[in-house]
$ cat data.cif   # mmCIF, C-alpha atoms
data_final
loop_
_atom_site.label_atom_id
_atom_site.label_comp_id
_atom_site.auth_asym_id
_atom_site.auth_seq_id
_atom_site.Cartn_x
_atom_site.Cartn_y
_atom_site.Cartn_z
CA MET A 248 0.00 0.00 0.00
CA LYS A 249 1.49 3.33 -1.13
CA ALA A 250 0.27 6.87 -0.64
CA PRO A 251 -0.80 8.87 -3.73
CA VAL A 252 2.18 10.68 -5.27
CA ASP A 253 0.41 14.03 -5.16
CA TYR A 254 -0.23 13.63 -1.45
CA LEU A 255 3.45 12.96 -0.79
CA LEU A 256 4.30 16.02 -2.89
CA HIS A 257 1.85 18.11 -0.85
CA LEU A 258 3.57 17.10 2.40
CA ALA A 259 7.03 17.49 0.87
CA ASP A 260 6.31 20.91 -0.67
CA ASN A 261 4.93 22.19 2.64
CA ALA A 262 8.14 21.18 4.38
CA LEU A 263 10.50 22.40 1.67
CA VAL A 264 8.91 25.79 1.12
CA LEU A 265 8.61 26.59 4.83
CA GLY A 266 12.15 25.31 5.32
CA GLN A 267 13.38 27.64 2.58
CA ARG A 268 11.51 30.58 4.10
CA ASN A 269 12.88 29.97 7.58
CA ALA A 270 16.38 29.60 6.14
CA GLU A 271 16.16 33.23 5.02
CA TRP A 272 16.92 34.16 8.63
CA CYS A 273 20.27 32.39 8.46
CA GLY A 274 22.82 35.09 9.25
CA HIS A 275 20.06 37.63 9.94
CA GLY A 276 18.44 36.28 13.11
CA PRO A 277 17.45 38.72 15.84
CA VAL A 278 20.00 37.10 18.18
CA LEU A 279 22.63 34.45 17.55
CA GLU A 280 20.70 31.74 19.41
CA GLU A 281 17.56 32.32 17.33
CA ASP A 282 19.61 32.36 14.16
CA LEU A 283 20.74 28.84 15.03
CA ALA A 284 17.27 27.77 16.16
CA LEU A 285 15.73 28.77 12.84
CA ALA A 286 18.55 27.11 10.90
CA ASN A 287 17.92 23.91 12.89
CA ASN A 288 14.21 24.21 12.13
CA SER A 289 14.93 24.65 8.41
CA LEU A 290 17.23 21.66 8.28
CA ASP A 291 14.60 19.51 10.00
CA LEU A 292 11.99 20.58 7.45
CA ILE A 293 14.27 20.14 4.45
CA GLY A 294 15.22 16.72 5.80
CA GLN A 295 11.55 15.76 5.97
CA ALA A 296 11.05 17.06 2.43
CA ARG A 297 13.97 14.96 1.16
CA LEU A 298 12.55 11.73 2.58
CA LEU A 299 9.14 12.48 1.08
CA TYR A 300 10.55 13.43 -2.34
CA GLN A 301 12.69 10.29 -2.38
CA HIS A 302 9.62 8.20 -1.62
CA ALA A 303 7.56 10.02 -4.28
CA ALA A 304 10.35 9.65 -6.85
CA SER A 305 10.56 5.90 -6.34
CA LEU A 306 6.77 5.58 -6.75
CA ILE A 307 6.84 7.67 -9.92
CA ASN A 308 9.69 5.65 -11.40
CA ALA A 309 7.93 2.36 -10.63
CA ASP A 310 4.61 3.30 -12.28
CA PRO A 311 4.54 3.92 -16.07
CA ALA A 312 1.43 6.14 -15.82
CA GLU A 313 3.06 8.32 -13.17
CA ALA A 314 6.36 8.35 -15.08
CA LEU A 315 4.49 9.69 -18.09
CA ARG A 316 2.80 12.37 -16.00
CA PHE A 317 6.23 13.64 -14.87
CA ALA A 318 8.00 13.00 -18.19
CA HIS A 319 8.40 16.73 -18.84
CA LEU A 320 10.76 17.02 -15.85
CA GLN A 321 14.21 16.32 -17.24
CA GLY A 322 16.53 17.95 -14.69
CA ALA A 323 18.59 16.04 -12.12
CA ARG A 324 17.61 12.62 -13.45
CA GLN A 325 19.86 9.66 -12.73
CA ASN A 326 20.00 6.96 -15.40
CA GLY A 327 16.84 8.51 -16.81
CA LEU A 328 15.00 8.20 -13.49
CA ILE A 329 13.44 10.99 -11.46
CA THR A 330 15.25 11.93 -8.24
CA GLU A 331 14.37 14.02 -5.20
CA ASP A 332 16.20 16.94 -6.84
CA THR A 333 14.10 16.62 -10.00
CA LEU A 334 10.99 17.18 -7.90
CA ALA A 335 12.42 19.95 -5.72
CA TYR A 336 14.29 21.98 -8.32
CA PHE A 337 12.65 21.42 -11.68
CA ARG A 338 8.93 21.75 -11.08
CA ASP A 339 7.36 25.15 -11.67
CA THR A 340 5.15 27.25 -9.41
CA ALA A 341 1.81 25.78 -10.48
CA GLU A 342 3.11 22.24 -9.89
CA PHE A 343 3.83 22.92 -6.23
CA ARG A 344 1.19 21.72 -3.79
CA CYS A 345 2.20 23.55 -0.61
CA HIS A 346 -0.27 25.63 1.35
CA THR A 347 -0.12 29.33 0.49
CA LEU A 348 0.68 29.99 4.16
CA MET A 349 4.12 28.39 3.73
CA GLU A 350 5.26 30.67 0.93
CA LEU A 351 4.33 34.07 2.41
CA PRO A 352 7.28 36.35 3.19
CA HIS A 353 8.22 37.18 6.77
CA HIS A 354 6.09 40.29 7.03
CA GLY A 355 2.52 41.49 7.09
CA PRO A 356 0.46 42.23 4.00
CA LEU A 357 1.52 45.06 1.66
CA VAL A 358 4.98 45.47 3.12
CA GLY A 359 8.29 45.57 1.27
CA TYR A 360 10.65 42.69 0.73
CA ALA A 361 13.79 44.12 2.31
CA VAL A 362 15.60 42.04 4.91
CA SER A 363 15.30 44.90 7.37
CA GLU A 364 11.51 44.80 7.03
CA ARG A 365 11.19 41.16 8.04
CA ASP A 366 9.09 40.75 11.15
CA TYR A 367 10.05 37.92 13.50
CA ALA A 368 6.52 37.90 14.89
CA VAL A 369 5.27 36.70 11.48
CA THR A 370 7.92 33.97 11.39
CA ILE A 371 7.01 32.76 14.87
CA ALA A 372 3.24 33.00 14.34
CA ARG A 373 3.47 30.95 11.13
CA ASN A 374 5.75 28.33 12.67
CA PHE A 375 3.30 28.09 15.54
CA LEU A 376 0.20 27.66 13.34
CA VAL A 377 1.91 25.16 11.03
CA SER A 378 3.58 23.15 13.81
CA ALA A 379 0.28 22.88 15.67
CA LEU A 380 -1.17 21.25 12.54
CA MET A 381 1.82 19.05 11.80
CA VAL A 382 2.10 17.53 15.28
CA LEU A 383 -1.44 16.26 14.70
CA VAL A 384 -0.85 15.21 11.08
CA TRP A 385 2.42 13.35 11.75
CA ASP A 386 0.94 11.71 14.83
CA ARG A 387 -1.89 10.26 12.75
CA LEU A 388 0.38 9.38 9.82
CA GLN A 389 2.37 7.11 12.12
CA THR A 390 -0.39 4.60 11.41
CA SER A 391 -0.53 5.30 7.68
CA LYS A 392 -1.12 2.23 5.54
CA ASP A 393 1.95 3.36 3.58
CA ALA A 394 4.67 1.91 5.82
CA GLN A 395 7.36 4.23 4.51
CA LEU A 396 5.22 7.30 5.11
CA ALA A 397 4.51 5.99 8.62
CA ALA A 398 8.25 5.77 9.28
CA ILE A 399 8.82 9.30 7.99
CA ALA A 400 5.97 10.47 10.24
CA ALA A 401 7.52 8.92 13.35
CA LYS A 402 10.80 10.74 12.70
CA SER A 403 9.14 14.04 11.78
CA LEU A 404 6.85 14.05 14.80
CA LYS A 405 9.78 14.39 17.22
CA GLU A 406 11.15 17.31 15.22
CA VAL A 407 7.89 19.17 14.86
CA ARG A 408 7.06 18.76 18.56
CA TYR A 409 10.15 20.81 19.28
CA HIS A 410 9.20 23.34 16.58
CA LEU A 411 5.83 23.78 18.28
CA ARG A 412 7.46 24.20 21.68
CA HIS A 413 9.89 26.78 20.32
CA ALA A 414 7.25 28.79 18.46
CA SER A 415 4.70 28.60 21.31
CA ASP A 416 7.28 29.81 23.80
CA TRP A 417 8.10 32.86 21.69
CA LEU A 418 4.48 33.60 20.88
CA VAL A 419 3.68 33.74 24.59
CA ARG A 420 6.69 35.98 25.22
CA PHE A 421 5.63 38.31 22.40
CA GLY A 422 1.94 38.38 23.29
CA ASP A 423 2.53 38.76 26.99
CA GLY A 424 5.58 41.00 26.51
CA ASN A 425 5.45 44.73 25.98
CA GLU A 426 3.02 46.88 24.02
CA GLU A 427 4.97 46.67 20.75
CA SER A 428 5.59 42.91 20.88
CA HIS A 429 1.91 42.30 21.65
CA ARG A 430 0.76 44.52 18.79
CA ARG A 431 3.10 42.85 16.30
CA ALA A 432 2.19 39.31 17.40
CA GLN A 433 -1.50 40.13 17.13
CA ALA A 434 -1.01 41.68 13.69
CA ALA A 435 0.91 38.60 12.53
CA LEU A 436 -1.89 36.30 13.70
CA ASP A 437 -4.57 38.46 12.11
CA HIS A 438 -2.62 38.31 8.85
CA LEU A 439 -1.88 34.57 8.88
CA LEU A 440 -4.87 32.89 10.54
CA PRO A 441 -7.21 33.26 7.52
CA TYR A 442 -4.70 31.26 5.41
CA CYS A 443 -5.19 28.33 7.82
CA GLU A 444 -8.73 27.89 6.55
CA ALA A 445 -7.16 26.00 3.64
CA PHE A 446 -6.13 23.26 6.10
CA TRP A 447 -9.79 22.23 6.34
CA GLN A 448 -10.55 22.23 2.62
CA PRO A 449 -8.57 19.23 1.44
CA SER A 450 -7.28 18.93 -2.09
CA PRO A 451 -8.30 15.93 -4.25
CA ALA A 452 -4.92 14.36 -3.40
CA GLU A 453 -5.54 14.75 0.34
CA GLN A 454 -9.03 13.31 -0.05
CA ALA A 455 -7.72 10.33 -2.01
CA ALA A 456 -5.05 9.64 0.63
CA ALA A 457 -7.54 9.93 3.48
CA ALA A 458 -9.92 7.58 1.66
CA ASP A 459 -7.38 4.81 1.11
CA GLY A 460 -5.93 4.99 4.61
CA SER A 461 -2.50 6.27 3.62
CA GLY A 462 -3.29 9.87 4.57
CA VAL A 463 -5.21 11.75 7.20
CA ASP A 464 -8.51 13.59 6.84
CA THR A 465 -7.45 16.98 8.21
CA ALA A 466 -11.07 17.95 8.88
CA THR A 467 -11.01 15.49 11.79
CA LEU A 468 -8.07 17.39 13.30
CA ARG A 469 -9.74 20.77 13.29
CA ASP A 470 -11.14 20.75 16.85
CA HIS A 471 -7.88 19.50 18.25
CA TRP A 472 -5.94 22.16 16.32
CA ASN A 473 -8.29 24.88 17.56
CA ALA A 474 -7.79 23.72 21.13
CA LEU A 475 -3.99 23.70 20.77
CA VAL A 476 -3.96 27.14 19.19
CA ASN A 477 -6.48 28.68 21.57
CA ASP A 478 -4.68 27.40 24.67
CA THR A 479 -1.45 29.08 23.69
CA LEU A 480 -3.15 32.27 22.51
CA THR A 481 -4.93 32.55 25.85
CA GLU A 482 -1.63 32.21 27.67
CA ALA A 483 -0.16 34.79 25.30
CA THR A 484 -3.09 37.20 25.92
CA LEU A 485 -3.68 37.23 22.15
CA SER A 486 -7.05 36.84 20.46
CA ARG A 487 -8.46 35.30 17.30
CA HIS A 488 -10.41 37.34 14.79
CA ASP A 489 -10.65 34.70 12.07
CA GLN A 490 -13.88 32.95 13.02
CA PRO A 491 -16.20 32.53 11.28
CA HIS A 492 -14.01 32.63 8.19
CA ALA A 493 -15.26 35.05 5.58
CA GLY A 494 -13.99 35.40 2.01
CA TYR A 495 -11.36 33.71 -0.11
CA VAL A 496 -9.78 30.45 0.97
CA ALA A 497 -6.15 30.13 -0.12
CA GLN A 498 -5.63 27.51 -2.87
CA GLY A 499 -1.90 26.81 -2.78
CA HIS A 500 -2.48 23.13 -2.07
CA VAL A 501 -4.26 22.74 -5.40
CA GLY A 502 -1.58 24.71 -7.26
CA VAL A 503 -3.04 28.23 -7.24
CA HIS A 504 -0.38 30.19 -5.39
CA SER A 505 0.26 33.72 -4.21
CA GLU A 506 2.70 35.92 -6.12
CA HIS A 507 5.38 35.07 -3.57
CA LEU A 508 6.09 31.43 -4.45
CA GLY A 509 7.57 32.23 -7.86
CA PHE A 510 10.21 34.49 -6.33
CA LEU A 511 11.00 31.94 -3.64
CA LEU A 512 11.44 29.15 -6.20
CA ALA A 513 13.49 31.40 -8.50
CA GLU A 514 15.99 31.87 -5.70
CA MET A 515 15.87 28.29 -4.44
CA GLN A 516 16.06 26.61 -7.85
CA SER A 517 18.44 28.95 -9.67
CA LEU A 518 21.63 27.07 -8.82
CA ALA A 519 20.27 23.64 -9.79
CA ARG A 520 18.87 25.01 -13.04
CA ALA A 521 21.96 27.01 -14.00
CA HIS A 522 24.24 24.06 -13.24
CA PRO A 523 22.06 20.97 -13.74
CA THR A 524 24.97 18.54 -13.32
CA ALA A 525 26.46 20.21 -10.26
CA ILE A 526 27.13 17.96 -7.30
CA TRP A 527 28.38 18.71 -3.79
CA MET B 1210 23.65 42.28 14.32
CA ASN B 1211 23.24 45.85 15.57
CA ASN B 1212 19.62 45.29 16.51
CA ALA B 1213 20.73 42.41 18.77
CA THR B 1214 22.52 44.72 21.17
CA PRO B 1215 19.56 45.85 23.30
CA ALA B 1216 18.43 42.27 23.93
CA LEU B 1217 21.91 41.16 24.91
CA LYS B 1218 22.12 44.07 27.36
CA GLU B 1219 18.78 43.23 28.95
CA TRP B 1220 19.12 39.45 29.02
CA PRO B 1221 21.31 37.99 31.75
CA LEU B 1222 24.16 35.61 31.00
CA TRP B 1223 23.81 31.85 31.61
CA GLU B 1224 26.46 29.15 31.79
CA VAL B 1225 25.62 25.95 29.94
CA PHE B 1226 26.62 22.46 31.07
CA VAL B 1227 25.99 19.43 28.86
CA ARG B 1228 26.17 15.74 29.74
CA SER B 1229 27.33 13.87 26.68
CA LYS B 1230 26.02 10.46 27.78
CA GLN B 1231 24.46 8.73 30.74
CA GLY B 1232 26.92 8.09 33.54
CA LEU B 1233 29.30 10.89 32.64
CA GLU B 1234 29.28 14.27 34.35
CA HIS B 1235 27.90 17.51 32.96
CA LYS B 1236 30.68 19.58 31.41
CA HIS B 1237 30.78 23.32 30.93
CA CYS B 1238 30.51 24.03 27.22
CA GLY B 1239 29.80 27.73 26.95
CA SER B 1240 27.45 30.55 27.80
CA LEU B 1241 24.55 32.45 26.29
CA HIS B 1242 22.17 35.32 26.93
CA ALA B 1243 18.53 34.50 27.72
CA SER B 1244 15.65 36.17 29.51
CA ASP B 1245 14.91 33.34 31.98
CA ALA B 1246 15.81 29.75 32.82
CA ARG B 1247 13.32 28.09 30.46
CA HIS B 1248 14.43 30.34 27.65
CA ALA B 1249 18.09 29.61 28.42
CA LEU B 1250 17.44 25.86 28.34
CA GLN B 1251 15.73 26.10 24.98
CA MET B 1252 18.48 28.22 23.49
CA ALA B 1253 21.15 25.92 24.90
CA ARG B 1254 19.45 23.04 23.11
CA ASP B 1255 19.65 24.88 19.81
CA VAL B 1256 23.17 26.23 20.25
CA TYR B 1257 25.05 23.45 22.04
CA THR B 1258 23.34 20.12 21.26
CA ARG B 1259 22.58 20.41 17.55
CA ARG B 1260 25.22 17.82 16.68
CA GLN B 1261 24.01 15.25 19.21
CA GLU B 1262 26.43 16.44 21.87
CA GLY B 1263 24.14 15.74 24.78
CA VAL B 1264 21.47 13.85 26.64
CA SER B 1265 21.00 16.41 29.42
CA ILE B 1266 21.51 20.16 29.83
CA TRP B 1267 21.97 22.36 32.90
CA VAL B 1268 21.82 26.12 32.75
CA VAL B 1269 23.07 28.23 35.65
CA PRO B 1270 22.93 32.02 36.00
CA SER B 1271 26.47 33.25 35.56
CA THR B 1272 26.02 35.49 38.58
CA ALA B 1273 25.53 32.38 40.72
CA ILE B 1274 29.09 31.28 40.05
CA THR B 1275 31.83 32.52 42.35
CA ALA B 1276 35.17 32.24 40.61
CA SER B 1277 38.73 32.34 41.90
CA GLU B 1278 40.53 35.53 40.97
CA PRO B 1279 43.44 35.54 38.53
CA ASP B 1280 45.38 37.67 41.08
CA SER B 1281 45.29 34.89 43.66
CA LYS B 1282 46.64 32.32 41.20
CA ASP B 1283 50.05 32.19 42.95
CA SER B 1284 48.71 31.52 46.42
CA PHE B 1285 45.91 29.26 45.23
CA PHE B 1286 47.65 26.93 42.83
CA ASP B 1287 51.43 27.18 42.90
CA PRO B 1288 51.85 25.52 46.34
CA ALA B 1289 50.49 22.28 44.82
CA ALA B 1290 53.21 22.17 42.17
CA ASP B 1291 55.81 20.26 44.23
CA LYS B 1292 53.45 17.92 46.10
CA VAL B 1293 53.79 15.02 43.70
CA TYR B 1294 52.89 12.57 46.49
CA ARG B 1295 49.31 13.86 46.36
CA HIS B 1296 48.80 12.15 43.01
CA PRO B 1297 47.50 8.61 43.39
CA THR B 1298 50.26 7.31 41.14
CA PHE B 1299 51.73 5.11 43.85
CA TYR B 1300 48.76 2.76 43.80
CA GLU B 1301 47.82 0.00 41.43
CA ILE B 1302 44.30 0.72 40.10
CA PRO B 1303 42.37 -2.46 39.30
CA ASP B 1304 41.08 -2.60 35.73
CA LYS B 1305 37.53 -3.02 36.99
CA VAL B 1306 37.51 0.50 38.47
CA GLY B 1307 37.28 2.03 35.00
CA HIS B 1308 37.08 5.86 34.83
CA MET B 1309 39.56 7.41 37.28
#
$ encode --input "data.cif" --output "structure tokens"
Amino acid sequence: MKAPVDYLLHLADNALVLGQRNAEWCGHGPVLEEDLALANNSLDLIGQARLLYQHAASLINADPAEALRFAHLQGARQNGLITEDTLAYFRDTAEFRCHTLMELPHHGPLVGYAVSERDYAVTIARNFLVSALMVLVWDRLQTSKDAQLAAIAAKSLKEVRYHLRHASDWLVRFGDGNEESHRRAQAALDHLLPYCEAFWQPSPAEQAAAADGSGVDTATLRDHWNALVNDTLTEATLSRHDQPHAGYVAQGHVGVHSEHLGFLLAEMQSLARAHPTAIW
Amino acid sequence: MNNATPALKEWPLWEVFVRSKQGLEHKHCGSLHASDARHALQMARDVYTRRQEGVSIWVVPSTAITASEPDSKDSFFDPAADKVYRHPTFYEIPDKVGHM
């Protein structure tokens, strides 16, 4: 029993894109210790993405119909076969299946791109909201009918539990800190929370995985996620203004992304595309 | 890292001790700035155990440590220099004793 390829890509893209975003703090962290913490977080996420891409690549290579579907990807193949790098570095924006939340820059809406304008509150709020989901997802995926995905889940769960602890700790410090830290943490939540609505509107790939027992139906995690999030927000003296959700639901997980993903991929993929045969 | 300066001024210094494996002692491995003990522990995890260096961490406020002064080095340590008989080198240590 194997998980659907597009479901594995959804999980992998979430991890890779958030890992790439968090890596932007490398060398620019607010203090040295946080610089390292975010680099650790990124390496955990990119490690998860690698395992998932490797699994997806082997499934694609073993199935002629899937191989045909990905035949247009020619970069980083080995002996004609798709590799993890083919999937990470040679797919285009519309082929990525990450949630829109993962690709947003580290600042509120309608703010510039400069490094100096990055807001750590946005970074922490996003890591908190995503980690709260992923501790639940990986926990459930430990019993996936896809044994390899279950093994990846067991490893990832330990990592993401620490990510949640780290982000929750900072969110409480920000929310319950001074006037400015509270205001910025609240603004970050108000900006990011509506993107979480997409968690509860599964893509066809997520639905297929949930139906065959290899994936998890995220709708069943919603109450638990709300409880996790609300507990920490209460401790942080922060509030939620996202319920009931009104308006557009982000569609990144079905391939309709914000304008930010293209820039992120351009930076992340440029080396592999400029030097397709480069190796470490 | 200019914007780091205010935090480092406000946050006290902590000494970090890491035990590399069960049965061995905690060893001093460095220091860091953090706002409180929980924060210091978390930062120590990210700074000092990212390459699997440890199974346990202690953090201690640097102000809680009383250190000998460099000026008293002569009176503190030099008198021990010619007391070779204080080393347990005149005994046979059985192999079973292990770490000594």
$ resolve_selection --input "data.cif" --expression "the PyMOL selection byres ((chain A) within 10 of (chain B))" --output "list in words"
Gly274, His275, Gly276, Pro277, Val278, Leu279, Glu280, Glu281, Asp282, Leu283, Ala284, Leu285, Ala286, Asn287, Asn288, Tyr409, Arg412, His413, Asp416, Trp417 and Arg420 of chain A
$ atom_distance --input "data.cif" --atom1 "CA of Asn326 (chain A)" --atom2 "CA of Lys402 (chain A)"
29.8 Å
$ residues_around --input "data.cif" --residues "Arg316 (chain A)" --least-positions-apart "4" --cutoff "9 Å" --atoms "only C-alpha atoms" --output "mmCIF file with C-alpha atoms, in the coordinates of the input"
data_model
loop_
_atom_site.group_PDB
_atom_site.id
_atom_site.type_symbol
_atom_site.label_atom_id
_atom_site.label_comp_id
_atom_site.auth_asym_id
_atom_site.auth_seq_id
_atom_site.Cartn_x
_atom_site.Cartn_y
_atom_site.Cartn_z
ATOM 1 C CA ILE A 307 6.840 7.670 -9.920
ATOM 2 C CA PRO A 311 4.540 3.920 -16.070
ATOM 3 C CA ALA A 312 1.430 6.140 -15.820
#
$ resolve_selection --input "data.cif" --expression "the PyMOL selection byres ((chain A and resi 496-512) around 9)" --output "PyMOL selection string"
chain A and resi 257+261+264+267-268+336+339-352+441-446+448-452+492-495+513-517
$ residues_around --input "data.cif" --residues "region 1268-1277 of chain B" --least-positions-apart "2" --cutoff "8 Å" --atoms "all atoms listed in the file" --output "list in words"
Pro1221, Leu1222, Trp1223, Glu1224, Val1225, Phe1226, Ala1246, Ala1249, Leu1250, Ala1253, Ile1266, Pro1279, Ser1281 and Lys1282 of chain B
$ atom_distance --input "data.cif" --atom1 "CA of His353 (chain A)" --atom2 "CA of Asn473 (chain A)"
23.2 Å
$ closest_residue --input "data.cif" --among "A:Gln454, A:Ile371, A:Leu376, A:Thr330" --to "Ala414 (chain A)" --atoms "all atoms listed in the file"
A:Ile371
$ atom_distance --input "data.cif" --atom1 "CA of Leu256 (chain A)" --atom2 "CA of Leu299 (chain A)"
7.2 Å
$ resolve_selection --input "data.cif" --expression "the PyMOL selection byres ((chain B and resi 1264) around 10)" --output "list in words"
Val1227, Arg1228, Ser1229, Lys1230, Gln1231, His1235, Thr1258, Gln1261, Glu1262, Gly1263, Ser1265 and Ile1266 of chain B
$ write_last_selection --input "data.cif" --atoms "C-alpha atoms" --output "PDB file, in the frame of the given file"
ATOM      1  CA  VAL B1227      25.990  19.430  28.860  1.00  0.00           C
ATOM      2  CA  ARG B1228      26.170  15.740  29.740  1.00  0.00           C
ATOM      3  CA  SER B1229      27.330  13.870  26.680  1.00  0.00           C
ATOM      4  CA  LYS B1230      26.020  10.460  27.780  1.00  0.00           C
ATOM      5  CA  GLN B1231      24.460   8.730  30.740  1.00  0.00           C
ATOM      6  CA  HIS B1235      27.900  17.510  32.960  1.00  0.00           C
ATOM      7  CA  THR B1258      23.340  20.120  21.260  1.00  0.00           C
ATOM      8  CA  GLN B1261      24.010  15.250  19.210  1.00  0.00           C
ATOM      9  CA  GLU B1262      26.430  16.440  21.870  1.00  0.00           C
ATOM     10  CA  GLY B1263      24.140  15.740  24.780  1.00  0.00           C
ATOM     11  CA  SER B1265      21.000  16.410  29.420  1.00  0.00           C
ATOM     12  CA  ILE B1266      21.510  20.160  29.830  1.00  0.00           C
TER      13      ILE B1266
END
$ residues_near_point --input "data.cif" --point "(19.6, 16.5, -13.2)" --cutoff "10 Å" --atoms "all atoms listed in the file" --output "JSON, numbers by chain"
{"A": [320, 321, 322, 323, 324, 325, 326, 327, 328, 329, 330, 331, 332, 333, 336, 337, 519, 520, 522, 523, 524, 525, 526]}
$ closest_residue --input "data.cif" --among "A:Glu313, A:Glu482, A:Asp260, A:Asp437" --to "Asp423 (chain A)" --atoms "all atoms listed in the file"
A:Glu482
$ decode --input "data.cif" --residues "region 1294-1300 of chain B" --atoms "all heavy atoms" --output "PDB file, in the first residue's frame"
ATOM      1  N   TYR B1294      53.426  13.715  45.734  1.00  0.00           N
ATOM      2  CA  TYR B1294      52.889  12.574  46.489  1.00  0.00           C
ATOM      3  C   TYR B1294      51.376  12.636  46.654  1.00  0.00           C
ATOM      4  O   TYR B1294      50.756  11.705  47.141  1.00  0.00           O
ATOM      5  CB  TYR B1294      53.560  12.499  47.867  1.00  0.00           C
ATOM      6  CG  TYR B1294      53.597  13.827  48.598  1.00  0.00           C
ATOM      7  CD1 TYR B1294      52.521  14.271  49.351  1.00  0.00           C
ATOM      8  CD2 TYR B1294      54.732  14.636  48.498  1.00  0.00           C
ATOM      9  CE1 TYR B1294      52.562  15.489  49.990  1.00  0.00           C
ATOM     10  CE2 TYR B1294      54.781  15.865  49.151  1.00  0.00           C
ATOM     11  CZ  TYR B1294      53.693  16.289  49.898  1.00  0.00           C
ATOM     12  OH  TYR B1294      53.716  17.491  50.514  1.00  0.00           O
ATOM     13  N   ARG B1295      50.777  13.776  46.275  1.00  0.00           N
ATOM     14  CA  ARG B1295      49.314  13.858  46.357  1.00  0.00           C
ATOM     15  C   ARG B1295      48.628  13.168  45.166  1.00  0.00           C
ATOM     16  O   ARG B1295      47.418  12.998  45.159  1.00  0.00           O
ATOM     17  CB  ARG B1295      48.858  15.313  46.422  1.00  0.00           C
ATOM     18  CG  ARG B1295      49.228  15.965  47.741  1.00  0.00           C
ATOM     19  CD  ARG B1295      48.806  17.402  47.819  1.00  0.00           C
ATOM     20  NE  ARG B1295      49.223  17.988  49.077  1.00  0.00           N
ATOM     21  CZ  ARG B1295      49.209  19.287  49.335  1.00  0.00           C
ATOM     22  NH1 ARG B1295      48.800  20.133  48.400  1.00  0.00           N
ATOM     23  NH2 ARG B1295      49.609  19.744  50.495  1.00  0.00           N
ATOM     24  N   HIS B1296      49.381  12.878  44.133  1.00  0.00           N
ATOM     25  CA  HIS B1296      48.797  12.146  43.012  1.00  0.00           C
ATOM     26  C   HIS B1296      48.722  10.669  43.366  1.00  0.00           C
ATOM     27  O   HIS B1296      49.669  10.137  43.964  1.00  0.00           O
ATOM     28  CB  HIS B1296      49.652  12.316  41.750  1.00  0.00           C
ATOM     29  CG  HIS B1296      49.601  13.704  41.189  1.00  0.00           C
ATOM     30  ND1 HIS B1296      48.649  14.121  40.314  1.00  0.00           N
ATOM     31  CD2 HIS B1296      50.399  14.783  41.420  1.00  0.00           C
ATOM     32  CE1 HIS B1296      48.838  15.391  40.006  1.00  0.00           C
ATOM     33  NE2 HIS B1296      49.888  15.826  40.663  1.00  0.00           N
ATOM     34  N   PRO B1297      47.642  10.020  43.003  1.00  0.00           N
ATOM     35  CA  PRO B1297      47.500   8.609  43.391  1.00  0.00           C
ATOM     36  C   PRO B1297      48.292   7.694  42.466  1.00  0.00           C
ATOM     37  O   PRO B1297      47.804   6.638  42.071  1.00  0.00           O
ATOM     38  CB  PRO B1297      45.997   8.379  43.273  1.00  0.00           C
ATOM     39  CG  PRO B1297      45.583   9.311  42.190  1.00  0.00           C
ATOM     40  CD  PRO B1297      46.485  10.513  42.262  1.00  0.00           C
ATOM     41  N   THR B1298      49.493   8.098  42.108  1.00  0.00           N
ATOM     42  CA  THR B1298      50.261   7.310  41.138  1.00  0.00           C
ATOM     43  C   THR B1298      51.043   6.190  41.808  1.00  0.00           C
ATOM     44  O   THR B1298      51.682   5.394  41.133  1.00  0.00           O
ATOM     45  CB  THR B1298      51.259   8.212  40.387  1.00  0.00           C
ATOM     46  OG1 THR B1298      51.991   8.975  41.354  1.00  0.00           O
ATOM     47  CG2 THR B1298      50.542   9.142  39.447  1.00  0.00           C
ATOM     48  N   PHE B1299      50.966   6.147  43.151  1.00  0.00           N
ATOM     49  CA  PHE B1299      51.727   5.110  43.850  1.00  0.00           C
ATOM     50  C   PHE B1299      50.878   3.878  44.135  1.00  0.00           C
ATOM     51  O   PHE B1299      51.283   2.985  44.830  1.00  0.00           O
ATOM     52  CB  PHE B1299      52.293   5.671  45.159  1.00  0.00           C
ATOM     53  CG  PHE B1299      53.177   6.864  44.932  1.00  0.00           C
ATOM     54  CD1 PHE B1299      52.700   8.145  45.115  1.00  0.00           C
ATOM     55  CD2 PHE B1299      54.486   6.698  44.472  1.00  0.00           C
ATOM     56  CE1 PHE B1299      53.506   9.235  44.877  1.00  0.00           C
ATOM     57  CE2 PHE B1299      55.293   7.804  44.242  1.00  0.00           C
ATOM     58  CZ  PHE B1299      54.811   9.072  44.441  1.00  0.00           C
ATOM     59  N   TYR B1300      49.665   3.892  43.579  1.00  0.00           N
ATOM     60  CA  TYR B1300      48.757   2.763  43.799  1.00  0.00           C
ATOM     61  C   TYR B1300      48.500   2.048  42.495  1.00  0.00           C
ATOM     62  O   TYR B1300      48.486   2.660  41.424  1.00  0.00           O
ATOM     63  CB  TYR B1300      47.398   3.243  44.351  1.00  0.00           C
ATOM     64  CG  TYR B1300      47.498   4.071  45.592  1.00  0.00           C
ATOM     65  CD1 TYR B1300      47.615   5.446  45.528  1.00  0.00           C
ATOM     66  CD2 TYR B1300      47.476   3.459  46.836  1.00  0.00           C
ATOM     67  CE1 TYR B1300      47.716   6.214  46.672  1.00  0.00           C
ATOM     68  CE2 TYR B1300      47.580   4.222  47.986  1.00  0.00           C
ATOM     69  CZ  TYR B1300      47.693   5.611  47.903  1.00  0.00           C
ATOM     70  OH  TYR B1300      47.800   6.353  49.023  1.00  0.00           O
TER      71      TYR B1300
END
